[in-house]
file start_4.cif (mmCIF, C-alpha atoms and all ligand atoms)
data_start
#
loop_
_atom_site.label_atom_id
_atom_site.label_comp_id
_atom_site.auth_asym_id
_atom_site.auth_seq_id
_atom_site.Cartn_x
_atom_site.Cartn_y
_atom_site.Cartn_z
CA MET A 1 238.65 83.17 -24.31
CA ASP A 2 235.50 85.06 -23.28
CA THR A 3 232.49 82.82 -22.74
CA LEU A 4 229.25 84.02 -24.28
CA LYS A 5 226.57 85.48 -22.00
CA LYS A 6 223.61 83.16 -21.53
CA ALA A 7 220.15 84.25 -22.65
CA VAL A 8 217.25 81.98 -21.75
CA VAL A 9 213.79 82.38 -23.30
CA ILE A 10 210.80 80.63 -21.71
CA GLY A 11 208.04 79.82 -24.23
CA GLY A 12 208.22 78.82 -27.88
CA GLY A 13 205.35 81.02 -29.11
CA ILE A 14 205.60 83.99 -31.45
CA ALA A 15 207.21 86.27 -28.84
CA GLY A 16 209.71 83.63 -27.70
CA VAL A 17 210.81 82.60 -31.19
CA GLN A 18 211.08 86.24 -32.29
CA ALA A 19 213.19 87.08 -29.23
CA ALA A 20 215.46 84.04 -29.68
CA SER A 21 215.98 84.82 -33.38
CA ARG A 22 216.95 88.44 -32.66
CA LEU A 23 219.46 87.69 -29.88
CA SER A 24 222.94 87.68 -31.33
CA GLY A 25 226.38 87.14 -29.86
CA MET A 26 224.84 85.20 -26.97
CA ASP A 27 224.39 81.59 -25.96
CA VAL A 28 220.61 81.25 -26.51
CA THR A 29 218.32 78.58 -25.04
CA LEU A 30 214.61 78.42 -25.88
CA ILE A 31 212.52 76.36 -23.47
CA THR A 32 209.18 75.05 -24.70
CA GLU A 33 206.73 72.87 -22.83
CA GLU A 34 204.84 71.86 -25.98
CA GLU A 35 205.34 68.59 -27.79
CA TYR A 36 205.93 70.32 -31.15
CA LEU A 37 208.61 72.71 -32.32
CA PRO A 38 207.27 76.30 -32.38
CA TYR A 39 204.34 76.60 -34.81
CA TYR A 40 201.93 79.26 -36.10
CA ARG A 41 199.32 79.26 -33.35
CA MET A 42 196.97 81.41 -35.40
CA ARG A 43 196.69 78.62 -37.98
CA ILE A 44 195.79 75.72 -35.69
CA GLY A 45 192.21 75.87 -37.02
CA GLU A 46 193.66 74.20 -40.14
CA ILE A 47 194.19 71.05 -38.07
CA LEU A 48 190.40 70.70 -37.80
CA ARG A 49 190.35 70.27 -41.59
CA GLY A 50 192.96 67.53 -41.36
CA SER A 51 196.19 69.47 -42.06
CA ASP A 52 199.44 67.86 -41.01
CA PRO A 53 200.94 69.45 -37.83
CA SER A 54 204.33 69.72 -39.58
CA SER A 55 202.83 72.18 -42.11
CA LEU A 56 202.36 74.68 -39.27
CA LEU A 57 205.95 74.78 -37.99
CA ILE A 58 207.54 78.24 -38.02
CA HIS A 59 211.00 76.79 -38.75
CA PRO A 60 212.37 73.26 -39.26
CA ALA A 61 214.68 71.80 -36.59
CA GLU A 62 217.80 72.61 -38.67
CA TRP A 63 217.00 76.34 -38.57
CA TYR A 64 217.48 76.40 -34.80
CA GLU A 65 220.72 74.45 -35.13
CA GLU A 66 222.06 76.83 -37.77
CA LYS A 67 221.15 79.84 -35.62
CA GLY A 68 222.79 78.22 -32.57
CA ILE A 69 219.50 78.25 -30.62
CA LYS A 70 219.31 75.33 -28.19
CA ILE A 71 215.78 73.97 -27.79
CA VAL A 72 214.97 72.45 -24.41
CA ARG A 73 211.67 70.56 -24.07
CA GLY A 74 209.96 70.87 -20.72
CA ALA A 75 207.99 73.17 -18.47
CA VAL A 76 209.76 75.76 -16.36
CA SER A 77 208.46 75.21 -12.85
CA GLU A 78 210.59 77.75 -11.00
CA ILE A 79 212.65 80.88 -11.62
CA ASP A 80 215.36 81.64 -9.08
CA THR A 81 216.04 85.34 -9.57
CA ALA A 82 218.72 85.43 -6.86
CA GLU A 83 220.83 82.55 -8.24
CA LYS A 84 219.77 83.43 -11.82
CA ASN A 85 218.62 80.04 -13.01
CA VAL A 86 215.42 78.30 -14.06
CA HIS A 87 214.20 74.87 -13.09
CA VAL A 88 212.82 72.76 -15.94
CA SER A 89 210.74 69.60 -15.54
CA ALA A 90 211.45 67.63 -18.71
CA PRO A 91 208.88 65.23 -20.26
CA ASP A 92 211.04 62.21 -19.30
CA SER A 93 210.65 63.38 -15.65
CA SER A 94 214.29 64.45 -15.41
CA ASP A 95 214.96 67.86 -13.87
CA LEU A 96 217.33 70.51 -15.15
CA ARG A 97 218.65 73.78 -13.80
CA ILE A 98 219.56 76.22 -16.57
CA PRO A 99 221.58 79.31 -15.60
CA TYR A 100 220.97 82.67 -17.27
CA ASP A 101 222.54 86.09 -17.48
CA SER A 102 219.33 87.41 -19.03
CA LEU A 103 215.89 85.82 -19.03
CA ILE A 104 212.89 86.54 -21.26
CA ILE A 105 209.54 85.19 -20.07
CA ALA A 106 207.27 84.64 -23.09
CA THR A 107 204.80 82.17 -21.63
CA GLY A 108 201.77 83.50 -23.54
CA SER A 109 198.20 82.90 -22.41
CA ARG A 110 196.05 79.96 -21.48
CA ALA A 111 192.47 79.48 -22.62
CA ARG A 112 189.87 80.30 -20.01
CA THR A 113 187.27 77.66 -19.24
CA LEU A 114 184.15 77.69 -17.07
CA SER A 115 183.44 75.05 -14.55
CA LEU A 116 179.86 73.92 -15.19
CA PRO A 117 177.92 71.57 -12.94
CA GLY A 118 175.98 68.66 -14.50
CA GLY A 119 178.58 65.91 -14.71
CA ARG A 120 179.92 66.46 -18.24
CA LYS A 121 183.11 64.41 -18.65
CA GLU A 122 184.85 66.20 -21.52
CA SER A 123 185.10 69.69 -22.97
CA HIS A 124 187.63 71.35 -25.25
CA VAL A 125 189.52 74.59 -25.87
CA LEU A 126 191.52 75.69 -28.91
CA ARG A 127 194.85 77.14 -27.83
CA THR A 128 197.54 74.61 -28.75
CA LEU A 129 198.20 72.24 -31.60
CA SER A 130 197.45 69.33 -29.26
CA ASP A 131 194.09 70.95 -28.40
CA ALA A 132 193.28 71.15 -32.12
CA LEU A 133 194.17 67.49 -32.69
CA SER A 134 192.03 66.36 -29.78
CA LEU A 135 189.10 68.56 -30.89
CA ARG A 136 189.32 67.17 -34.44
CA LYS A 137 189.26 63.62 -33.11
CA ALA A 138 186.14 64.38 -31.05
CA LEU A 139 184.38 66.18 -33.93
CA LEU A 140 184.96 63.27 -36.32
CA SER A 141 182.46 61.19 -34.35
CA ALA A 142 180.24 64.02 -33.04
CA ASP A 143 176.60 64.55 -33.87
CA SER A 144 176.44 68.14 -32.58
CA PHE A 145 178.85 70.83 -31.44
CA ALA A 146 178.40 73.84 -29.16
CA VAL A 147 180.87 76.67 -28.65
CA ILE A 148 180.63 78.91 -25.59
CA GLY A 149 181.83 82.38 -26.61
CA GLY A 150 180.96 84.43 -29.69
CA GLY A 151 184.26 86.29 -30.02
CA LEU A 152 186.55 86.13 -33.06
CA LEU A 153 187.99 82.74 -32.22
CA GLY A 154 184.63 81.18 -31.26
CA LEU A 155 183.04 82.22 -34.53
CA GLU A 156 185.93 81.01 -36.64
CA LEU A 157 185.77 77.69 -34.82
CA ALA A 158 182.00 77.32 -35.21
CA ALA A 159 182.07 78.13 -38.94
CA GLU A 160 185.02 75.78 -39.52
CA ALA A 161 183.28 72.92 -37.70
CA ALA A 162 179.99 73.40 -39.58
CA GLU A 163 181.81 73.37 -42.92
CA SER A 164 184.19 70.51 -42.22
CA PHE A 165 182.00 68.13 -40.20
CA HIS A 166 178.46 68.90 -41.46
CA ILE A 167 176.90 68.67 -38.01
CA PRO A 168 174.57 71.11 -36.21
CA VAL A 169 176.71 73.80 -34.55
CA SER A 170 175.61 76.38 -31.97
CA VAL A 171 177.44 79.42 -30.62
CA ILE A 172 176.39 80.77 -27.25
CA GLU A 173 177.31 84.38 -26.51
CA CYS A 174 176.38 86.06 -23.24
CA ALA A 175 176.33 89.61 -24.71
CA ASP A 176 173.35 90.74 -26.73
CA HIS A 177 175.29 90.55 -30.02
CA LEU A 178 178.27 88.72 -31.48
CA LEU A 179 181.80 90.16 -31.28
CA PRO A 180 180.77 92.67 -28.63
CA ARG A 181 184.36 93.99 -28.33
CA GLN A 182 184.74 94.65 -32.05
CA LEU A 183 181.33 95.35 -33.54
CA ASP A 184 178.16 97.34 -33.18
CA ALA A 185 174.93 95.32 -33.11
CA ALA A 186 174.04 95.98 -36.77
CA SER A 187 177.41 94.78 -38.13
CA SER A 188 177.22 91.70 -35.97
CA GLU A 189 173.85 90.90 -37.53
CA VAL A 190 175.53 90.64 -40.96
CA ILE A 191 177.90 88.06 -39.50
CA GLU A 192 175.10 86.23 -37.72
CA LYS A 193 173.17 85.84 -40.99
CA ALA A 194 176.26 84.49 -42.77
CA LEU A 195 176.81 81.99 -39.96
CA ASN A 196 173.15 80.88 -40.08
CA ALA A 197 173.55 80.26 -43.80
CA LYS A 198 176.47 77.91 -43.01
CA GLY A 199 174.35 75.97 -40.51
CA VAL A 200 175.52 77.70 -37.33
CA GLU A 201 172.83 78.64 -34.84
CA VAL A 202 173.68 81.79 -32.89
CA ILE A 203 172.29 82.24 -29.38
CA THR A 204 172.93 85.69 -27.91
CA SER A 205 172.20 86.76 -24.30
CA GLY A 206 172.77 83.08 -23.51
CA ASN A 207 174.19 81.95 -20.19
CA ALA A 208 175.42 78.39 -19.84
CA GLU A 209 174.38 76.98 -16.47
CA SER A 210 175.25 73.30 -16.65
CA ALA A 211 176.22 70.53 -19.07
CA ASP A 212 175.91 66.78 -19.27
CA ASP A 213 177.46 64.59 -21.96
CA ASP A 214 174.73 65.38 -24.53
CA PHE A 215 173.40 68.84 -23.80
CA LEU A 216 174.29 72.28 -22.60
CA TYR A 217 171.62 73.87 -20.38
CA LEU A 218 171.13 77.62 -20.54
CA SER A 219 169.47 79.91 -18.04
CA GLY A 220 165.78 80.31 -18.87
CA GLY A 221 165.37 76.57 -19.44
CA ARG A 222 166.73 76.26 -23.00
CA LYS A 223 168.91 73.25 -23.87
CA VAL A 224 171.36 72.96 -26.74
CA SER A 225 172.64 69.72 -28.32
CA ALA A 226 176.32 69.38 -27.57
CA SER A 227 177.89 65.98 -28.05
CA VAL A 228 181.13 68.01 -28.28
CA LEU A 229 181.55 71.23 -26.30
CA ALA A 230 184.29 73.86 -26.61
CA PHE A 231 185.02 76.98 -24.62
CA SER A 232 186.16 80.09 -26.42
CA ALA A 233 185.77 82.37 -23.46
CA GLY A 234 188.95 84.45 -23.59
CA VAL A 235 192.46 83.91 -22.29
CA CYS A 236 194.45 84.50 -19.10
CA PRO A 237 198.11 85.57 -19.27
CA ALA A 238 200.38 82.74 -18.05
CA LYS A 239 202.05 84.67 -15.23
CA GLU A 240 202.22 82.01 -12.49
CA ILE A 241 205.94 81.18 -12.67
CA ALA A 242 206.80 84.89 -12.55
CA GLU A 243 204.40 85.47 -9.68
CA SER A 244 205.83 82.66 -7.58
CA ALA A 245 209.35 84.02 -8.22
CA GLY A 246 208.25 87.26 -6.57
CA ILE A 247 208.20 89.21 -9.85
CA LYS A 248 205.57 91.96 -9.86
CA THR A 249 202.38 90.94 -11.65
CA GLY A 250 198.94 92.35 -12.23
CA ARG A 251 196.72 90.82 -14.88
CA GLY A 252 199.99 89.84 -16.57
CA ILE A 253 203.71 90.22 -15.81
CA ILE A 254 204.29 93.93 -15.31
CA VAL A 255 206.94 95.45 -17.60
CA ASP A 256 208.29 98.90 -18.36
CA ARG A 257 208.78 100.25 -21.88
CA HIS A 258 212.04 98.28 -22.26
CA LEU A 259 210.03 95.20 -21.24
CA ARG A 260 212.00 94.87 -17.99
CA THR A 261 210.17 93.18 -15.15
CA SER A 262 210.71 94.01 -11.47
CA ALA A 263 213.55 91.42 -11.24
CA PRO A 264 217.05 92.26 -12.46
CA ASP A 265 217.86 90.97 -15.97
CA VAL A 266 214.39 89.45 -16.35
CA TYR A 267 212.16 90.63 -19.22
CA ALA A 268 208.68 89.62 -20.34
CA ALA A 269 207.10 89.74 -23.79
CA GLY A 270 203.92 88.77 -25.64
CA ASP A 271 200.54 87.79 -24.24
CA ALA A 272 202.05 87.22 -20.77
CA ALA A 273 203.27 90.80 -20.39
CA GLU A 274 201.34 93.76 -19.00
CA LEU A 275 202.35 97.26 -20.02
CA ASP A 276 200.67 100.42 -18.70
CA GLY A 277 197.91 98.31 -17.13
CA LYS A 278 197.13 96.52 -20.42
CA THR A 279 197.68 93.01 -21.71
CA PHE A 280 197.57 92.45 -25.47
CA GLY A 281 196.56 89.01 -26.79
CA LEU A 282 197.46 89.67 -30.41
CA ALA A 283 200.18 88.20 -32.58
CA VAL A 284 201.42 91.55 -33.85
CA HIS A 285 202.24 92.72 -30.32
CA ALA A 286 203.82 89.39 -29.39
CA ARG A 287 206.19 89.67 -32.35
CA GLU A 288 207.04 93.31 -31.66
CA MET A 289 207.63 92.66 -27.96
CA GLY A 290 209.83 89.64 -28.75
CA SER A 291 212.09 91.93 -30.79
CA THR A 292 212.08 94.72 -28.22
CA ALA A 293 212.91 92.35 -25.35
CA ALA A 294 215.85 90.90 -27.34
CA MET A 295 217.14 94.41 -28.10
CA SER A 296 216.85 95.37 -24.42
CA VAL A 297 218.80 92.24 -23.41
CA MET A 298 221.55 93.24 -25.86
CA GLY A 299 221.65 96.74 -24.40
CA CYS A 300 220.23 98.51 -27.46
CA GLY A 301 216.57 98.58 -26.48
CA GLU A 302 214.25 101.39 -27.39
CA ASP A 303 210.92 102.29 -25.79
CA TYR A 304 208.22 99.87 -26.88
CA ILE A 305 205.27 101.62 -28.52
CA PRO A 306 202.58 99.05 -29.33
CA SER A 307 201.14 99.32 -32.83
CA GLU A 308 197.37 99.70 -33.14
CA PRO A 309 195.57 96.38 -32.69
CA SER A 310 194.18 94.75 -35.82
CA ALA A 311 192.56 91.45 -36.73
CA LEU A 312 191.86 90.01 -40.16
CA LEU A 313 189.50 87.08 -40.28
CA LYS A 314 187.40 85.00 -42.58
CA ILE A 315 184.15 84.16 -40.80
CA ALA A 316 181.55 82.09 -42.65
CA GLY A 317 182.85 83.36 -46.00
CA LEU A 318 182.96 87.04 -44.93
CA ASP A 319 186.22 89.02 -44.81
CA VAL A 320 186.21 90.79 -41.46
CA ALA A 321 188.91 93.34 -40.59
CA SER A 322 189.08 95.21 -37.31
CA PHE A 323 191.56 98.04 -36.60
CA GLY A 324 192.08 100.07 -33.45
CA VAL A 325 189.39 99.99 -30.78
CA PRO A 326 185.63 100.33 -31.29
CA GLU A 327 185.23 103.34 -28.99
CA GLY A 328 183.05 106.39 -29.51
CA ASP A 329 180.34 107.05 -32.10
CA ALA A 330 179.92 104.48 -34.86
CA ARG A 331 179.64 105.94 -38.37
CA VAL A 332 178.31 103.28 -40.70
CA GLU A 333 178.25 102.96 -44.48
CA SER A 334 176.87 99.82 -46.00
CA GLY A 335 175.58 98.19 -49.15
CA GLY A 336 174.69 94.51 -49.50
CA GLU A 337 177.14 92.42 -47.51
CA ARG A 338 179.76 95.21 -47.54
CA ARG A 339 179.79 97.21 -44.35
CA ARG A 340 182.21 99.86 -43.14
CA THR A 341 182.05 101.16 -39.56
CA ILE A 342 184.36 103.93 -38.36
CA PHE A 343 184.48 104.73 -34.64
CA VAL A 344 185.16 108.36 -33.74
CA LYS A 345 185.77 109.82 -30.28
CA ASP A 346 186.55 113.48 -29.62
CA GLY A 347 187.08 114.01 -33.34
CA ILE A 348 189.76 111.28 -33.51
CA VAL A 349 189.31 107.99 -35.39
CA ARG A 350 189.67 105.28 -32.73
CA GLY A 351 188.70 102.18 -34.69
CA ALA A 352 187.31 100.69 -37.89
CA VAL A 353 185.50 97.47 -38.69
CA LEU A 354 185.21 96.39 -42.31
CA ILE A 355 183.11 93.54 -43.62
CA ASN A 356 183.85 92.49 -47.23
CA ASP A 357 185.64 95.79 -47.81
CA LYS A 358 189.22 94.72 -48.55
CA ALA A 359 189.88 97.69 -50.83
CA PHE A 360 189.49 100.08 -47.88
CA MET A 361 191.74 98.18 -45.46
CA ALA A 362 194.93 100.21 -45.95
CA SER A 363 193.04 103.52 -45.67
CA ALA A 364 191.17 102.37 -42.56
CA LYS A 365 194.42 101.33 -40.88
CA ALA A 366 196.04 104.65 -41.75
CA MET A 367 193.09 106.63 -40.32
CA ILE A 368 193.45 105.28 -36.79
CA GLY A 369 194.58 107.97 -34.36
CA LYS A 370 194.04 110.75 -36.92
CA ARG A 371 191.63 113.65 -36.62
CA ILE A 372 188.67 113.20 -38.91
C1 LIG B 1 193.30 79.67 -32.84
C2 LIG B 1 193.89 81.03 -32.60
C3 LIG B 1 193.77 82.00 -33.57
C4 LIG B 1 194.33 83.25 -33.37
N1 LIG B 1 194.20 84.18 -34.35
C5 LIG B 1 194.78 85.38 -34.19
C6 LIG B 1 194.68 86.36 -35.22
O1 LIG B 1 194.03 86.15 -36.25
N2 LIG B 1 195.34 87.54 -35.05
C7 LIG B 1 196.07 87.80 -33.91
O2 LIG B 1 196.66 88.86 -33.80
N3 LIG B 1 196.16 86.89 -32.91
C8 LIG B 1 195.53 85.70 -33.02
N4 LIG B 1 195.62 84.77 -32.01
C9 LIG B 1 196.36 85.15 -30.79
C10 LIG B 1 197.86 84.93 -30.98
O3 LIG B 1 198.08 83.62 -31.42
C11 LIG B 1 198.59 85.22 -29.67
O4 LIG B 1 198.43 86.58 -29.37
C12 LIG B 1 200.07 84.88 -29.76
O5 LIG B 1 200.22 83.50 -30.02
C13 LIG B 1 200.81 85.24 -28.49
O6 LIG B 1 202.13 84.85 -28.62
P1 LIG B 1 203.05 84.56 -27.34
O7 LIG B 1 204.36 84.13 -27.90
O8 LIG B 1 202.99 85.68 -26.40
O9 LIG B 1 202.34 83.35 -26.59
P2 LIG B 1 201.93 81.91 -27.06
O10 LIG B 1 201.78 81.83 -28.54
O11 LIG B 1 200.76 81.54 -26.20
O12 LIG B 1 203.17 81.00 -26.67
C14 LIG B 1 203.57 80.81 -25.34
C15 LIG B 1 204.28 79.48 -25.26
O13 LIG B 1 204.87 79.37 -23.97
C16 LIG B 1 204.67 78.03 -23.48
N5 LIG B 1 204.78 78.05 -22.00
C17 LIG B 1 203.91 78.59 -21.12
N6 LIG B 1 204.36 78.39 -19.86
C18 LIG B 1 205.51 77.68 -19.96
C19 LIG B 1 206.43 77.15 -19.01
N7 LIG B 1 206.25 77.32 -17.69
N8 LIG B 1 207.52 76.48 -19.47
C20 LIG B 1 207.72 76.32 -20.82
N9 LIG B 1 206.88 76.80 -21.77
C21 LIG B 1 205.79 77.48 -21.34
C22 LIG B 1 203.25 77.73 -23.98
O14 LIG B 1 202.97 76.36 -23.95
C23 LIG B 1 203.34 78.28 -25.39
O15 LIG B 1 203.89 77.34 -26.27
C24 LIG B 1 195.04 83.53 -32.17
C25 LIG B 1 195.15 82.54 -31.18
C26 LIG B 1 194.58 81.31 -31.38
C27 LIG B 1 194.71 80.26 -30.32
#
call {"tool": "encode", "arguments": {"input": "start_4.cif", "output": "structure tokens"}}
result
Amino acid sequence: MDTLKKAVVIGGGIAGVQAASRLSGMDVTLITEEEYLPYYRMRIGEILRGSDPSSLLIHPAEWYEEKGIKIVRGAVSEIDTAEKNVHVSAPDSSDLRIPYDSLIIATGSRARTLSLPGGRKESHVLRTLSDALSLRKALLSADSFAVIGGGLLGLELAAEAAESFHIPVSVIECADHLLPRQLDAASSEVIEKALNAKGVEVITSGNAESADDDFLYLSGGRKVSASVLAFSAGVCPAKEIAESAGIKTGRGIIVDRHLRTSAPDVYAAGDAAELDGKTFGLAVHAREMGSTAAMSVMGCGEDYIPSEPSALLKIAGLDVASFGVPEGDARVESGGERRRTIFVKDGIVRGAVLINDKAFMASAKAMIGKRI
């Protein structure tokens, strides 16, 4: 009897689970270093409000059993591309070697932090379910909260904390307006006002210089109350295990359009992968790449064409939607709290940002890449 080919997936995030679920006719192992079964990472903010971690699981344990996907808990510490196996350090300190015929690396990203002088003992990030539980615990007894980073995630976090914990919250952004990658200054002002109304103080052009256990000190001499401090300062692709296996990396793990890395039978997908000099950092691409990598493993892969980036968020009661990239001239239409900004470059619509303009979302999405 023929034995099934072995596919191993490293990382139980969106890309890893998608890849594992699409692999068929193979012996599939999904390795995850996290304490929980794969969960919806985008929803971990709900933990701050007291939601039960089990409500965030993508699938119950039985689903993996029914699909024949073996879950192995532990961190992959080494990939041996010559012998075609991975080395896993399990939580009980036992070590395993798992052989593969095909390997998909879907290790995602890690939150970036800054190392600040000043002797502060504790700071937080929001990347994993465990991070969210530990941040909630700290916020329950906090008397102030500061978030470094005024990007999408930082703002969501600040608004959530102000609403759920009723403590003074500050956001410190080094650019001269919030969401510098998505918005023009005027649109970001609409968001700033909504955040102020929820009790969030916004400090732009702010540079954190040091922190002790009570305050964050900014350049220019300003200090901000921060009995709890969180960093929301971007992410770095988790490429280390690929790098030390000699697989070609840049900012992430370099892949071609079939998501093949430089090592034979090794693929990469999701936040960890770099394609055409770009890393992604969005759930939609992680899911798409998970599928494409699985198809490539099964020999029926097609070229991966990333869909246009988009983000839908609720920030301080405002519906914010961003499509494409905010490049080129900004054409703005607004009325009250509704604001529509379309970015046009060389006559082509490159991006759109909508605030409280849900009715226009489908049209905005369809416009991206089209000549205006
Ligand atoms: C709070 C929050 C909100 C977000 N909101 C949005 C949103 O609204 N829209 C959007 O598009 N995106 C959003 N994102 C980003 C989105 O979640 C990511 O783009 C997506 O999770 C990437 O999926 P991934 O599978 O590539 O990686 P990840 O989800 O990061 O999963 C990678 C997994 O691999 C594990 N791993 C890493 N190294 C190893 C190892 N050596 N051994 C074993 N396991 C390992 C990690 O622990 C992790 O569990 C949000 C992210 C966060 C944190």
call {"tool": "residues_near_ligand", "arguments": {"input": "start_4.cif", "ligand": "ligand LIG 1 (chain B)", "cutoff": "7 Å", "atoms": "all atoms listed in the file", "output": "count of residues only"}}
result
44
call {"tool": "closest_residue", "arguments": {"input": "start_4.cif", "among": "A:Leu96, A:Ala162, A:Met367, A:Leu57", "to": "Arg73 in chain A", "atoms": "all atoms listed in the file"}}
result
A:Leu96
call {"tool": "residues_around", "arguments": {"input": "start_4.cif", "residues": "Ser219 in chain A", "least_positions_apart": "6", "cutoff": "9 Å", "atoms": "all atoms listed in the file", "output": "ChimeraX atom specification"}}
result
/A:206-210
call {"tool": "atom_distance", "arguments": {"input": "start_4.cif", "atom1": "CA of Gly119 in chain A", "atom2": "CA of Ser227 in chain A"}}
result
13.4 Å
call {"tool": "residues_near_point", "arguments": {"input": "start_4.cif", "point": "(202.2, 104.0, -20.4)", "cutoff": "12 Å", "atoms": "all atoms listed in the file", "output": "ChimeraX atom specification"}}
result
/A:254-259,274-279,303-306
call {"tool": "atom_distance", "arguments": {"input": "start_4.cif", "atom1": "CA of Ile79 in chain A", "atom2": "CA of Ala61 in chain A"}}
result
26.6 Å
call {"tool": "residues_around", "arguments": {"input": "start_4.cif", "residues": "Arg350 in chain A", "least_positions_apart": "5", "cutoff": "6 Å", "atoms": "only C-alpha atoms", "output": "list of chain:residue names"}}
result
A:Gly324, A:Val325, A:Phe343, A:Val344, A:Ile368, A:Gly369
call {"tool": "residues_around", "arguments": {"input": "start_4.cif", "residues": "range 136-143 of chain A", "least_positions_apart": "2", "cutoff": "12 Å", "atoms": "all atoms listed in the file", "output": "PyMOL selection string"}}
result
chain A and resi 44-51+122-126+129-134+145-146+157-158+160-169+213-215+225-230
call {"tool": "atom_distance", "arguments": {"input": "start_4.cif", "atom1": "CA of Gly351 in chain A", "atom2": "CA of Ser307 in chain A"}}
result
12.9 Å
call {"tool": "closest_residue", "arguments": {"input": "start_4.cif", "among": "A:Leu318, A:Met361, A:Ala175, A:Ala242", "to": "Leu195 in chain A", "atoms": "all atoms listed in the file"}}
result
A:Leu318
call {"tool": "closest_atom_pairs", "arguments": {"input": "start_4.cif", "of": "range 101-191 of chain A", "to": "range 328-336 of chain A", "cutoff": "12 Å", "atoms": "all atoms listed in the file", "output": "CSV"}}
result
residue,atom,partner,partner_atom,distance
A:Gln182,CA,A:Ala330,CA,11.3
A:Leu183,CA,A:Ala330,CA,9.3
A:Asp184,CA,A:Ala330,CA,7.5
A:Ala185,CA,A:Ala330,CA,10.6
A:Ala186,CA,A:Val332,CA,9.3
A:Ser187,CA,A:Val332,CA,8.9
A:Val190,CA,A:Gly336,CA,9.4
call {"tool": "closest_residue", "arguments": {"input": "start_4.cif", "among": "A:Ala352, A:Met298, A:Ala90, A:Ala245", "to": "Asp27 in chain A", "atoms": "all atoms listed in the file"}}
result
A:Met298
call {"tool": "closest_residue", "arguments": {"input": "start_4.cif", "among": "A:Glu156, A:Glu240, A:Asp95, A:Glu78", "to": "Leu179 in chain A", "atoms": "only C-alpha atoms"}}
result
A:Glu156
call {"tool": "closest_residue", "arguments": {"input": "start_4.cif", "among": "A:Tyr267, A:Phe360, A:Tyr40, A:Phe231", "to": "Ile105 in chain A", "atoms": "all atoms listed in the file"}}
result
A:Tyr267
call {"tool": "residues_around", "arguments": {"input": "start_4.cif", "residues": "Ala316 in chain A", "least_positions_apart": "3", "cutoff": "7 Å", "atoms": "all atoms listed in the file", "output": "VMD selection string"}}
result
chain A and resid 159 194 to 195 198
call {"tool": "closest_residue", "arguments": {"input": "start_4.cif", "among": "A:Ser232, A:Thr292, A:Ser322, A:Ser188", "to": "Ser21 in chain A", "atoms": "all atoms listed in the file"}}
result
A:Thr292
call {"tool": "axis_aligned_box", "arguments": {"input": "start_4.cif", "around": "range 27-42 of chain A", "padding_each_side": "6 Å", "output": "AutoDock Vina command-line options"}}
result
--center_x 210.7 --center_y 75.1 --center_z -29.5 --size_x 39.4 --size_y 25.0 --size_z 25.3
call {"tool": "closest_atom_pairs", "arguments": {"input": "start_4.cif", "of": "range 221-296 of chain A", "to": "range 97-100 of chain A", "cutoff": "12 Å", "atoms": "only C-alpha atoms", "output": "JSON lines"}}
result
{"residue": "A:Pro264", "atom": "CA", "partner": "A:Tyr100", "partner_atom": "CA", "distance": 11.4}
{"residue": "A:Asp265", "atom": "CA", "partner": "A:Tyr100", "partner_atom": "CA", "distance": 9.0}
{"residue": "A:Val266", "atom": "CA", "partner": "A:Tyr100", "partner_atom": "CA", "distance": 9.5}
call {"tool": "residues_around", "arguments": {"input": "start_4.cif", "residues": "Ala20 in chain A", "least_positions_apart": "2", "cutoff": "9 Å", "atoms": "only C-alpha atoms", "output": "ChimeraX atom specification"}}
result
/A:7-9,15-18,22-24,28-30,69,290-291,294
call {"tool": "decode", "arguments": {"input": "start_4.cif", "residues": "range 141-165 of chain A", "atoms": "C-alpha atoms", "output": "short mmCIF file (atom, residue, chain, number, x, y, z; two decimals), in the first residue's frame"}}
result
data_model
loop_
_atom_site.label_atom_id
_atom_site.label_comp_id
_atom_site.auth_asym_id
_atom_site.auth_seq_id
_atom_site.Cartn_x
_atom_site.Cartn_y
_atom_site.Cartn_z
CA SER A 141 -6.11 47.57 37.96
CA ALA A 142 -4.64 50.44 35.90
CA ASP A 143 -5.21 54.13 36.49
CA SER A 144 -3.90 55.26 33.09
CA PHE A 145 -2.93 53.69 29.78
CA ALA A 146 -0.61 54.87 27.01
CA VAL A 147 -0.27 53.34 23.55
CA ILE A 148 2.80 54.03 21.43
CA GLY A 149 1.71 53.99 17.78
CA GLY A 150 -1.30 55.65 16.14
CA GLY A 151 -1.86 53.09 13.39
CA LEU A 152 -5.05 51.06 12.92
CA LEU A 153 -4.32 48.62 15.70
CA GLY A 154 -3.13 51.28 18.18
CA LEU A 155 -6.28 53.33 17.73
CA GLU A 156 -8.59 50.36 18.05
CA LEU A 157 -6.77 49.39 21.23
CA ALA A 158 -6.90 52.90 22.72
CA ALA A 159 -10.62 53.32 22.00
CA GLU A 160 -11.41 49.86 23.37
CA ALA A 161 -9.48 50.53 26.59
CA ALA A 162 -11.12 53.94 27.14
CA GLU A 163 -14.58 52.41 26.70
CA SER A 164 -14.05 49.25 28.70
CA PHE A 165 -11.90 50.48 31.58
#
